Amino acid sequence: MPERMTEGLSEAMPEAVEPTREGTAGTQAAVRIQDLAFRWQARAPVVLIIDDLTIARGERVFIEGPSGSGKSTLLGLLAGVAVPQQGDLVVLGQPLQRLGGVQRDHFRADHIGYIFQMFNLIPYLSVVENVTLPCRFSRLRRERALARSGTLEQEALRLLGHLDLADPALVGRAVTTLSVGQQQRVAAARALMGSPEVLIADEPTSALDADRREAFIRLLFDECRAAGSTLIFVSHDASLEGLFDRTLRLAGLNRALDGAGAGEGE
Amino acid sequence: MPILSLAWKSLLNRRGTALLTLIAIALSVTLLIGVERLRNEARASFANTISGTDLIVGARSGAVQLLLYSVFRIGNPTNNLSWDSYQDIAAHPRVAWTVPLSLGDSHRGYRVLGTTPAYFEHYRYAGDRHLALAAGTRFSDLYDAVLGAEVAEALGYGLGTSIVIAHGAADVSFARHQDKPFQVVGILARTGTPVDRTVHVSLEAIEAIHAGWEGGAPVPGLSLSAEQARALDLTPEAITAVLVGLKSRIATFQVQRFVNDYRAEPLTAILPGVALSELWGLIGIAENALLVVSGFVVVVGLFGMLTAILTSLNERRREMAVLRSVGARPGHVFALIMGEAGFLTLLGAALGIALLYGLLLGAQPLIETRLGLFIAVGAPSGHELALLAAVILAGFLVGSIPGWRAYRLSLADGLSLRL
């Protein structure tokens with residue numbers, strides 16, 4: 001199911017900022033959330049309630065929220081590792097709550113690039129192997145990468161080059177010997193590998209020096225624009241929000257914080 | 001499949017711990033299969049101790065006891081068998097040949113067997129192998145002795161050595177037949193059977209050295225010189241046991257009944273093969289215990305692997321979250337951990353077998369000379385392969401424990417990086 005849907009998407013990729021012509025209201029949005037409520041366990045308190053949220057395709061959204069505001073929970077839902085007990089969570093036209101666990105894992109592999117705050121890389125894989133890792137789990141992204149550069153390795157090197165990591169000596173090094181900034185850029189290259197439609201970055205700059213943050217974000221923007229990807233960027237560092245199209249404040253968005261039990265989202 | 005290449009790379013990354021685990025598994029596999037191999041060879045060698053003999057006849061006793069003293073030279077007979085009875089048995093129409101055995105004396109702890117040249121004709125072992133002389137000839141003179149291979153080697157005897165036989169079976173004996181020394185005329189080739197530990201002399205020689213003895217001690221004044229003894233009638237009055245060969249195996253039970261129902265004195269005839277397996281059933285308990293112990297060693301080796309993988313899981317939760325973020329299913333995480341356990345088990349088993357064959361090739365000559373046990377270095381037997389398969393299966397089962405735990409963890413953690 002999701003595969004067929006994506007083929008239509010990838011054709012529209014370069015101009016993804018504009019609504020796709022044949023798309024319905026549902027498929028125009030990268031993310032559409034309605035009346036969503038989520039709790040980790042049946043008896044646990046509700047940690048996330050979002051009445052209405054839409055993120056357009058190609059949009060670069062900054063989600064700002066202090067710890068405990070439900071950021072991790074929201075990202076987990078968007079990535080499909082958890083499902084809401086109530087409401088609709090539609091990503092790229094696909095209601096995630098209707099998919100089983102394995103289908104959601106497939107969906108994530110095919111359509112979502114994810115960057116963690118730190119420790120993004122698998123220590124026993126080389127830089128290039130880390131970047132091509134998503135292609136081991138997604139045929140779609142593998143085919144897209146091959147269509148673009150011929151081989152997976154070339155596509156990885158191309159992305160790394162765009163992220164200022166073209167130096168062959170650097171690429172050949174063990175990932176554990178890279179600086180934090182270099183590791184984060186390798187992680188960004190991996191998230192962009194095979195041009196997923198949605199890029200989720202969970203405080204990717206918090207381990208970087210202040211002067212490096214902006215440079216990293218600009219590189220990310222360039223690549224997202226080139227791939228036509230939607231960027232969902234989470235941080236508690238409000239100084240970055242000026243760079244983005246739009247800022248969402250989770251503190252106002254998540255109605256679960258209005259009542260008691262706030263702070264259990266992390 | 002791509003997940004297996006991840007598992008392999010992950011193992012290489014932790015090659016220090018992985019190697020230790022691998023060695024533990026390999027050594028336990030070497031021990032297990034080695035014990036199984038030795039056990040089978042020992043059993044085969046045991047069953048090969050005597051062959052070609054249809055019946056063993058002795059004084060009335062249990063089958064195992066008769067086998068022990070007549071073939072293994074262990075323990076003492078309850079009673080003797082009169083020469084007349086022996087003649088009757090030898091004259092039975094179904095009997096093709098007989099070999100009389102007379103035991104009771106020893107030389108420096110090695111049993112002395114009085115017998116006839118027919119012994120060299122008819123004693124067979126390991127299927128159809130005859131006794132062969134490594135040097136010299138069979139005994140022909142009254143005071144000639146033929147040594148088993150181990151006797152000659154351990155005592156450093158060669159052809160022409162003069163030996164004195166002691167009365168009784170003990171290592172140290174006060175009653176010696178020192179007036180009638182024997183000369184070594186032949187040394188047998190190694191057989192891996194109790195023959196190697198036996199001094200063979202003629203039946204008449206046993207009579208000659210006991211001439212003038214009464215009740216286990218020389219009677220003063222009656223002793224004869226070695227030369228005087230030659231003049232006596234040296235036909236024995238009694239012997240210890242008889243090896244019997246039949247004209248046809250079909251007659252086995254008929255002759256056995258003839259012996260067991262013999263009126264003149266109580267006798268027992270046993271089938272060596274049956275008695276051997278009965279005896280092995282007794283000592284086989286120890287051999288089974290050995291296999292069980294080495295089985296436990298394998299379990300310990302696999303638990304080492306379990307510990308190593310389980311301890312690594314917590315520090316690998318980050319890695320699991322990263323894998324999940326690029327689209328790995330919890331099933332992939334299970335396969336990753338399981339794959340590592342599988343690689344360790346398979347490699348451990350292969351290394352263990354390689355080690356075993358290396359050891360066997362190296363130690364084969366030593367085992368043969370020291371234990372008289374010839375170990376064939378052939379392909380693994382079906383039973384050994386079954387044991388190996390059991391080890392590998394157990395390895396996978398053990399691997400599924402951390403695999404399942406990683407599966408649960410990756411489901412629970414999702415994309416959160418637990419540090």
# chains A, B, ... in the order shown; residues from 1 in each chain; ligands from 1
>>> residues_around(residues="Val35 of chain B", least_positions_apart="5", cutoff="8 Å", atoms="only C-alpha atoms", output="ChimeraX atom specification")
/B:290-291,294
>>> write_last_selection(atoms="all heavy atoms", output="mmCIF file, in the first residue's frame")
data_model
loop_
_atom_site.group_PDB
_atom_site.id
_atom_site.type_symbol
_atom_site.label_atom_id
_atom_site.label_comp_id
_atom_site.auth_asym_id
_atom_site.auth_seq_id
_atom_site.Cartn_x
_atom_site.Cartn_y
_atom_site.Cartn_z
ATOM 1 N N LEU B 290 31.287 -39.799 31.991
ATOM 2 C CA LEU B 290 32.277 -38.935 31.350
ATOM 3 C C LEU B 290 31.620 -38.094 30.248
ATOM 4 O O LEU B 290 31.880 -36.888 30.121
ATOM 5 C CB LEU B 290 33.378 -39.810 30.747
ATOM 6 C CG LEU B 290 34.718 -39.166 30.518
ATOM 7 C CD1 LEU B 290 35.290 -38.675 31.829
ATOM 8 C CD2 LEU B 290 35.675 -40.178 29.897
ATOM 9 N N LEU B 291 30.746 -38.749 29.499
ATOM 10 C CA LEU B 291 30.071 -38.038 28.408
ATOM 11 C C LEU B 291 29.148 -36.966 28.981
ATOM 12 O O LEU B 291 29.073 -35.847 28.467
ATOM 13 C CB LEU B 291 29.275 -39.027 27.551
ATOM 14 C CG LEU B 291 28.698 -38.423 26.278
ATOM 15 C CD1 LEU B 291 29.809 -38.056 25.319
ATOM 16 C CD2 LEU B 291 27.724 -39.371 25.620
ATOM 17 N N SER B 294 31.196 -34.026 30.067
ATOM 18 C CA SER B 294 31.648 -33.171 28.967
ATOM 19 C C SER B 294 30.463 -32.441 28.332
ATOM 20 O O SER B 294 30.626 -31.334 27.829
ATOM 21 C CB SER B 294 32.436 -33.968 27.929
ATOM 22 O OG SER B 294 31.755 -35.132 27.578
#
>>> residues_around(residues="segment 253-259 of chain A", least_positions_apart="2", cutoff="12 Å", atoms="only C-alpha atoms", output="MDAnalysis selection string")
chainID A and resid 33:39 45:54 63:71 73:74 247:251 261:265
>>> closest_residue(among="B:Lys180, B:Lys9, B:Arg197, B:Lys247", to="chain A", atoms="only C-alpha atoms")
B:Lys9
>>> closest_residue(among="A:Arg148, A:Arg32, A:Val128, A:Arg57", to="Arg225 of chain A", atoms="only C-alpha atoms")
A:Arg57
>>> interface_residues(of="chain A", to="chain B", cutoff="9 Å", atoms="only C-alpha atoms", output="number ranges by chain")
A: 72, 75-76, 79, 81-82, 101-102, 104-110, 112-125, 133-138, 190-191, 266
>>> closest_atom_pairs(of="segment 207-295 of chain B", to="segment 124-141 of chain B", cutoff="12 Å", atoms="only C-alpha atoms", output="Markdown table")
| residue | atom | partner | partner_atom | distance |
| --- | --- | --- | --- | --- |
| B:Glu227 | CA | B:Asp141 | CA | 12.0 |
| B:Arg230 | CA | B:Asp141 | CA | 10.1 |
| B:Leu243 | CA | B:Arg124 | CA | 11.0 |
| B:Gly245 | CA | B:Arg124 | CA | 11.2 |
| B:Pro272 | CA | B:Tyr125 | CA | 11.6 |
| B:Gly273 | CA | B:Gly127 | CA | 11.6 |
>>> write_last_selection(atoms="C-alpha atoms", output="PDB file, in the first residue's frame")
ATOM      1  CA  GLU B 227      67.437 -80.354  34.393  1.00  0.00           C
ATOM      2  CA  ARG B 230      62.808 -82.194  32.347  1.00  0.00           C
ATOM      3  CA  LEU B 243      39.532 -71.344  24.775  1.00  0.00           C
ATOM      4  CA  GLY B 245      36.816 -73.085  18.748  1.00  0.00           C
ATOM      5  CA  PRO B 272      33.069 -64.206  24.873  1.00  0.00           C
ATOM      6  CA  GLY B 273      31.065 -61.610  22.913  1.00  0.00           C
TER       7      GLY B 273
END
>>> select_by_dssp(residues="segment 47-227 of chain A", states="alpha helix (DSSP H)", output="ChimeraX atom specification")
/A:71-79,101-111,127-132,134-137,139-149,152-162,168-171,180-192,210-227
>>> closest_residue(among="B:Thr115, B:Ser45, B:Thr17, B:Ser61", to="Thr198 of chain B", atoms="only C-alpha atoms")
B:Thr115
>>> decode(residues="segment 247-369 of chain B", atoms="C-alpha atoms", output="CSV table (one decimal), in the first residue's frame")
chain,number,residue,atom,x,y,z
B,247,LYS,CA,33.6,-76.5,13.8
B,248,SER,CA,30.4,-74.6,13.2
B,249,ARG,CA,28.9,-71.7,15.2
B,250,ILE,CA,25.5,-73.3,15.0
B,251,ALA,CA,26.8,-75.8,17.6
B,252,THR,CA,27.7,-73.1,20.1
B,253,PHE,CA,24.7,-73.7,22.4
B,254,GLN,CA,24.9,-77.4,22.1
B,255,VAL,CA,28.5,-77.4,23.3
B,256,GLN,CA,27.8,-74.8,25.9
B,257,ARG,CA,25.1,-77.0,27.4
B,258,PHE,CA,27.4,-80.0,27.2
B,259,VAL,CA,29.9,-78.1,29.4
B,260,ASN,CA,27.4,-76.6,31.7
B,261,ASP,CA,25.8,-80.0,32.3
B,262,TYR,CA,29.2,-81.7,32.7
B,263,ARG,CA,28.8,-84.3,35.5
B,264,ALA,CA,32.4,-84.9,36.7
B,265,GLU,CA,32.9,-81.3,37.9
B,266,PRO,CA,31.0,-78.0,37.9
B,267,LEU,CA,32.1,-76.0,34.8
B,268,THR,CA,30.9,-72.9,33.0
B,269,ALA,CA,31.1,-72.1,29.3
B,270,ILE,CA,30.6,-68.6,28.2
B,271,LEU,CA,30.3,-66.8,24.9
B,272,PRO,CA,33.1,-64.2,24.9
B,273,GLY,CA,31.1,-61.6,22.9
B,274,VAL,CA,28.1,-61.8,25.3
B,275,ALA,CA,30.4,-61.7,28.4
B,276,LEU,CA,32.3,-58.7,26.9
B,277,SER,CA,29.2,-56.7,26.4
B,278,GLU,CA,28.0,-57.7,29.8
B,279,LEU,CA,31.3,-56.4,31.3
B,280,TRP,CA,31.2,-53.3,29.2
B,281,GLY,CA,27.7,-52.7,30.6
B,282,LEU,CA,29.3,-52.5,34.0
B,283,ILE,CA,32.2,-50.2,33.2
B,284,GLY,CA,30.1,-48.3,30.7
B,285,ILE,CA,28.5,-46.4,33.5
B,286,ALA,CA,31.7,-44.6,34.1
B,287,GLU,CA,32.1,-43.9,30.4
B,288,ASN,CA,28.5,-42.5,30.3
B,289,ALA,CA,29.3,-40.3,33.3
B,290,LEU,CA,32.3,-38.9,31.3
B,291,LEU,CA,30.1,-38.0,28.4
B,292,VAL,CA,27.5,-36.4,30.7
B,293,VAL,CA,30.3,-34.3,32.3
B,294,SER,CA,31.6,-33.2,29.0
B,295,GLY,CA,28.1,-32.3,28.0
B,296,PHE,CA,27.9,-30.1,31.0
B,297,VAL,CA,31.2,-28.5,29.9
B,298,VAL,CA,29.5,-27.5,26.7
B,299,VAL,CA,26.6,-26.1,28.6
B,300,VAL,CA,29.1,-24.0,30.6
B,301,GLY,CA,30.7,-22.8,27.4
B,302,LEU,CA,27.3,-21.8,26.0
B,303,PHE,CA,26.5,-20.0,29.2
B,304,GLY,CA,29.7,-18.0,28.8
B,305,MET,CA,28.4,-16.9,25.5
B,306,LEU,CA,25.0,-16.0,27.0
B,307,THR,CA,26.7,-13.9,29.7
B,308,ALA,CA,28.9,-12.1,27.1
B,309,ILE,CA,25.9,-11.3,24.9
B,310,LEU,CA,23.5,-10.3,27.7
B,311,THR,CA,26.1,-8.0,29.3
B,312,SER,CA,26.7,-6.3,26.0
B,313,LEU,CA,23.0,-5.7,25.4
B,314,ASN,CA,22.6,-2.7,27.7
B,315,GLU,CA,25.4,-0.8,26.2
B,316,ARG,CA,24.0,-1.7,22.7
B,317,ARG,CA,20.5,-0.2,23.3
B,318,ARG,CA,21.6,3.0,21.5
B,319,GLU,CA,22.6,0.9,18.5
B,320,MET,CA,19.2,-0.8,18.6
B,321,ALA,CA,17.5,2.5,18.6
B,322,VAL,CA,19.6,3.7,15.6
B,323,LEU,CA,18.8,0.5,13.7
B,324,ARG,CA,15.1,1.0,14.5
B,325,SER,CA,15.3,4.6,13.3
B,326,VAL,CA,16.5,3.5,9.8
B,327,GLY,CA,13.7,1.0,9.6
B,328,ALA,CA,14.9,-2.1,11.3
B,329,ARG,CA,12.0,-4.1,12.8
B,330,PRO,CA,12.3,-5.6,16.3
B,331,GLY,CA,12.6,-8.9,14.4
B,332,HIS,CA,15.8,-7.6,12.7
B,333,VAL,CA,17.2,-6.8,16.2
B,334,PHE,CA,16.3,-10.3,17.3
B,335,ALA,CA,18.1,-11.7,14.2
B,336,LEU,CA,21.1,-9.5,14.8
B,337,ILE,CA,21.7,-10.9,18.3
B,338,MET,CA,20.7,-14.4,17.3
B,339,GLY,CA,23.0,-14.1,14.3
B,340,GLU,CA,25.9,-13.3,16.6
B,341,ALA,CA,25.1,-16.3,18.8
B,342,GLY,CA,24.8,-18.4,15.7
B,343,PHE,CA,28.1,-17.3,14.3
B,344,LEU,CA,29.8,-17.9,17.6
B,345,THR,CA,28.3,-21.4,18.0
B,346,LEU,CA,29.0,-22.5,14.4
B,347,LEU,CA,32.5,-21.1,14.4
B,348,GLY,CA,33.1,-22.6,17.9
B,349,ALA,CA,31.9,-26.0,16.7
B,350,ALA,CA,34.0,-25.8,13.6
B,351,LEU,CA,37.1,-24.7,15.5
B,352,GLY,CA,36.4,-27.4,18.1
B,353,ILE,CA,36.3,-30.1,15.5
B,354,ALA,CA,39.5,-28.7,13.8
B,355,LEU,CA,41.2,-28.7,17.2
B,356,LEU,CA,40.1,-32.3,17.9
B,357,TYR,CA,41.4,-33.6,14.6
B,358,GLY,CA,44.7,-31.7,15.2
B,359,LEU,CA,45.0,-33.3,18.6
B,360,LEU,CA,44.1,-36.7,17.4
B,361,LEU,CA,46.6,-36.6,14.6
B,362,GLY,CA,49.3,-35.4,17.0
B,363,ALA,CA,48.4,-37.7,19.9
B,364,GLN,CA,47.5,-40.8,18.0
B,365,PRO,CA,51.0,-42.4,18.2
B,366,LEU,CA,51.2,-41.6,21.9
B,367,ILE,CA,47.8,-43.0,22.7
B,368,GLU,CA,48.6,-46.1,20.8
B,369,THR,CA,51.8,-46.8,22.6
